[in-house]
Structures are given as C-alpha cells and as structure tokens.
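See below for the structure under consideration.
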Amino acid sequence: MIDSPRVCIQVQSAYAETQSLPDEERFVFAYTITIRNLGRFNVQLLRRYWLITNGNGRQTEVQGEGVIGEQPLILPNNEFQYTSGAIIETPCGTMEGHYEMIDHAGQEFRIAIPVFRLAIPTLIN
C-alpha cells in the first residue's frame, strides 16, 4: 500500500496599504503560503485554483500553471514558501482554492487551501 501524500498548507495575509487606493475601490492584499511536505516522498505542485470573493459577494476565479512562475518540487520534510497578491474592490473579502499536485508515482492529487480572510486591519467584524 502506497502512503497518500501528506501536505500541509499555511496561509498568512496582509493588507498592502501603500499599493491600495481606497477612494478608487482598489484594496491590495499580499498573502504568503507555506506548503509543507510531511510525507516520505517528493511531491510537485502543477496547477493552482483560487476563488476570490469580495465583501459584496462578487466572485473571481483564477487558475493556472504552478505558482509565481514555478512548479516546485517539494522534498520530504521540506517546504516551499511564496508570496503573491490579490486586488479586490472592497476592504474585506476571502480567498480559498486548491493546488493540483503529483506524487512520486505520477498520481495526481488535490490539496485544498482553506478559506482565509483578506481585510484591512482597522476593519472590525
């Protein structure tokens, strides 16, 4: 029996105030994702999918190959970390999605990225 891949996703988001233009309904957020391979074999990230929802409920889907121009190979007990960004029209929103990955045996699998909040720090909810 082959072990199923054990991958852990950790997300941290931050408001990019200097890049935002609230008067023009442009709110920029940076997010840092850490992908940890807790398994015994290599895994590789092939594709990403995001569902971005602004504070008014408007949804945008984003998908593509890899992340930040890479399709990282993550060795056992190692991690890959990157920072990217999202722009929404409201001071708060959410992001969620998944990564499509491949294991050492060539089997594709999907890892969910739990919903996380995009919000300016002064917003109380």
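Residues in the structure tokens are named by chain (A, B, ... in the order shown) and by number from 1 within that chain; ligands are numbered from 1 in the order shown.
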
Next item on the list: Would you kindly return, as a list in words, each protein, DNA or RNA residue with an atom no farther than 9 Å from any atom of segment 8-24 of chain A, considering only C-alpha atoms and excluding same-chain residues fewer than 4 positions away?
Entry: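 Here the answer would be Val28, Phe29, Ala30, Tyr31, Thr32, Ile33, Thr34, Ile35, Arg36, Asn37, Leu38, Gly85, Ile87, Glu89, Thr90, Pro91, Ile111, Ala112, Ile113, Pro114, Phe116, Arg117, Leu118, Ala119, Ile120 and Pro121 of chain A.
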
Near-Glu70 of chain A list (10 Å; only C-alpha atoms; drop same-chain fewer than 3 positions) as an mmCIF file with N, CA and C atoms, in the first residue's frame:
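File produced: result_37.cif:
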```cif
data_model
loop_
_atom_site.group_PDB
_atom_site.id
_atom_site.type_symbol
_atom_site.label_atom_id
_atom_site.label_comp_id
_atom_site.auth_asym_id
_atom_site.auth_seq_id
_atom_site.Cartn_x
_atom_site.Cartn_y
_atom_site.Cartn_z
ATOM 1 N N LEU A 45 3.986 20.615 -7.234
ATOM 2 C CA LEU A 45 2.813 21.440 -7.482
ATOM 3 C C LEU A 45 2.725 21.703 -8.987
ATOM 4 N N LEU A 46 1.601 21.351 -9.577
ATOM 5 C CA LEU A 46 1.417 21.536 -11.019
ATOM 6 C C LEU A 46 0.572 22.767 -11.358
ATOM 7 N N ARG A 47 -0.587 22.901 -10.672
ATOM 8 C CA ARG A 47 -1.542 23.950 -11.001
ATOM 9 C C ARG A 47 -2.178 24.515 -9.737
ATOM 10 N N GLU A 65 -0.993 27.453 -14.348
ATOM 11 C CA GLU A 65 0.119 26.547 -14.096
ATOM 12 C C GLU A 65 0.943 27.055 -12.921
ATOM 13 N N GLY A 66 1.297 26.171 -12.011
ATOM 14 C CA GLY A 66 2.213 26.482 -10.922
ATOM 15 C C GLY A 66 1.829 27.693 -10.098
ATOM 16 N N VAL A 67 2.824 28.241 -9.417
ATOM 17 C CA VAL A 67 2.679 29.458 -8.622
ATOM 18 C C VAL A 67 3.910 30.320 -8.855
ATOM 19 N N LEU A 73 9.117 21.377 -6.889
ATOM 20 C CA LEU A 73 9.242 20.011 -6.381
ATOM 21 C C LEU A 73 9.591 20.142 -4.908
#
```

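Distances from A:Glu25, A:Glu96, A:Glu79, A:Glu108 to Thr60 of chain A were compared using only C-alpha atoms, and the smallest one belongs to A:Glu96.
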
Next item on the list: Please report, as number ranges by chain, each residue of segment 23-109 of chain A to which DSSP assigns strand (DSSP E) when run on this structure's backbone.
Entry: A: 27-37, 43-54, 59-65, 73-74, 78-88, 92-103, 108-109

Note to self: Which residue is closest to Pro5 of chain A? Choose from A:Tyr82, A:Trp50, A:Phe109, A:Tyr99 and count only C-alpha atoms.
What the structure shows: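 Closest to Pro5 of chain A, using only C-alpha atoms: A:Phe109.
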
Notebook entry, point to check: Gly39 of chain A: which residues within 10 Å, counting only C-alpha atoms, same-chain residues fewer than 3 positions away excluded, as a list in words?
Noted result: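 My reading of the contact set: Asp3, Ser4, Pro5, Arg6, Val7, Cys8, Arg36, Asn42, Val43, Leu75, Pro76, Asn77 and Asn78 of chain A.
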
Go ahead and save the residues from that selection, with N, CA, C and O atoms, as a CSV table (one decimal), in the first residue's frame.
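Below is the file out02.csv, written as the result:
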```csv
chain,number,residue,atom,x,y,z
A,3,ASP,N,1.7,5.1,0.7
A,3,ASP,CA,1.2,6.2,1.5
A,3,ASP,C,0.6,7.3,0.7
A,3,ASP,O,1.2,7.7,-0.4
A,4,SER,N,-0.5,7.9,1.1
A,4,SER,CA,-1.0,9.0,0.4
A,4,SER,C,-0.2,10.3,0.8
A,4,SER,O,0.3,10.3,1.9
A,5,PRO,N,0.0,11.2,-0.1
A,5,PRO,CA,0.8,12.4,0.2
A,5,PRO,C,0.2,13.1,1.4
A,5,PRO,O,-1.0,13.3,1.5
A,6,ARG,N,1.1,13.6,2.3
A,6,ARG,CA,0.7,14.4,3.4
A,6,ARG,C,1.3,15.8,3.2
A,6,ARG,O,2.5,16.0,3.3
A,7,VAL,N,0.4,16.7,2.8
A,7,VAL,CA,0.8,18.1,2.5
A,7,VAL,C,0.0,19.0,3.4
A,7,VAL,O,-1.2,18.9,3.5
A,8,CYS,N,0.7,20.0,4.0
A,8,CYS,CA,0.1,20.9,4.9
A,8,CYS,C,0.2,22.3,4.3
A,8,CYS,O,1.3,22.7,3.8
A,36,ARG,N,4.0,22.5,3.1
A,36,ARG,CA,4.9,21.6,3.7
A,36,ARG,C,4.6,20.2,3.3
A,36,ARG,O,3.5,19.7,3.3
A,42,ASN,N,8.7,12.7,-2.6
A,42,ASN,CA,8.6,14.1,-3.3
A,42,ASN,C,7.2,14.3,-3.7
A,42,ASN,O,6.5,13.3,-4.1
A,43,VAL,N,6.8,15.5,-3.8
A,43,VAL,CA,5.5,16.0,-4.4
A,43,VAL,C,5.8,17.2,-5.2
A,43,VAL,O,6.8,17.9,-4.9
A,75,LEU,N,10.6,18.3,-1.5
A,75,LEU,CA,11.2,17.0,-1.0
A,75,LEU,C,10.5,16.7,0.3
A,75,LEU,O,10.0,17.5,1.0
A,76,PRO,N,10.6,15.4,0.8
A,76,PRO,CA,10.1,15.0,2.1
A,76,PRO,C,10.6,15.9,3.2
A,76,PRO,O,11.8,16.2,3.2
A,77,ASN,N,9.8,16.2,4.1
A,77,ASN,CA,10.1,17.0,5.3
A,77,ASN,C,10.7,18.4,4.9
A,77,ASN,O,11.5,18.9,5.6
A,78,ASN,N,10.3,18.9,3.8
A,78,ASN,CA,10.7,20.2,3.3
A,78,ASN,C,9.5,21.1,3.0
A,78,ASN,O,8.4,20.6,3.1
```

Pick out each residue of segment 19-94 of chain A that DSSP on the backbone tags as helix (DSSP H, G or I); I need them as a short mmCIF file (atom, residue, chain, number, x, y, z; two decimals) with N, CA, C and O atoms, in the first residue's frame.
```cif
data_model
loop_
_atom_site.label_atom_id
_atom_site.label_comp_id
_atom_site.auth_asym_id
_atom_site.auth_seq_id
_atom_site.Cartn_x
_atom_site.Cartn_y
_atom_site.Cartn_z
N GLN A 19 0.00 50.18 -1.67
CA GLN A 19 -0.38 49.87 -3.04
C GLN A 19 -1.89 50.02 -3.27
O GLN A 19 -2.37 49.89 -4.39
N PRO A 22 -8.07 53.21 -1.73
CA PRO A 22 -9.44 53.03 -1.24
C PRO A 22 -10.47 53.92 -1.94
O PRO A 22 -11.59 53.48 -2.19
N ASP A 23 -10.09 55.15 -2.29
CA ASP A 23 -11.02 56.06 -2.95
C ASP A 23 -11.42 55.55 -4.34
O ASP A 23 -12.44 55.95 -4.89
N GLU A 24 -10.59 54.67 -4.90
CA GLU A 24 -10.87 54.08 -6.22
C GLU A 24 -11.32 52.62 -6.11
O GLU A 24 -11.30 51.88 -7.10
#
```

Checklist line | 6 Å contact set for Met95 of chain A, only C-alpha atoms, chain neighbours under 2 positions out, as a ChimeraX atom specification | finding: /A:51-52,115-116

Notebook entry, point to check: What separation in Å, quoted to one decimal, exists between atom CA of Val62 of chain A and atom CA of Gly106 of chain A?
Noted result: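 Going from atom CA of Val62 of chain A over to atom CA of Gly106 of chain A, I get 25.0 Å.
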
Notebook entry, point to check: In Å, how far is it from atom CA of Arg40 of chain A to atom CA of Ile102 of chain A?
Noted result: 13.8 Å
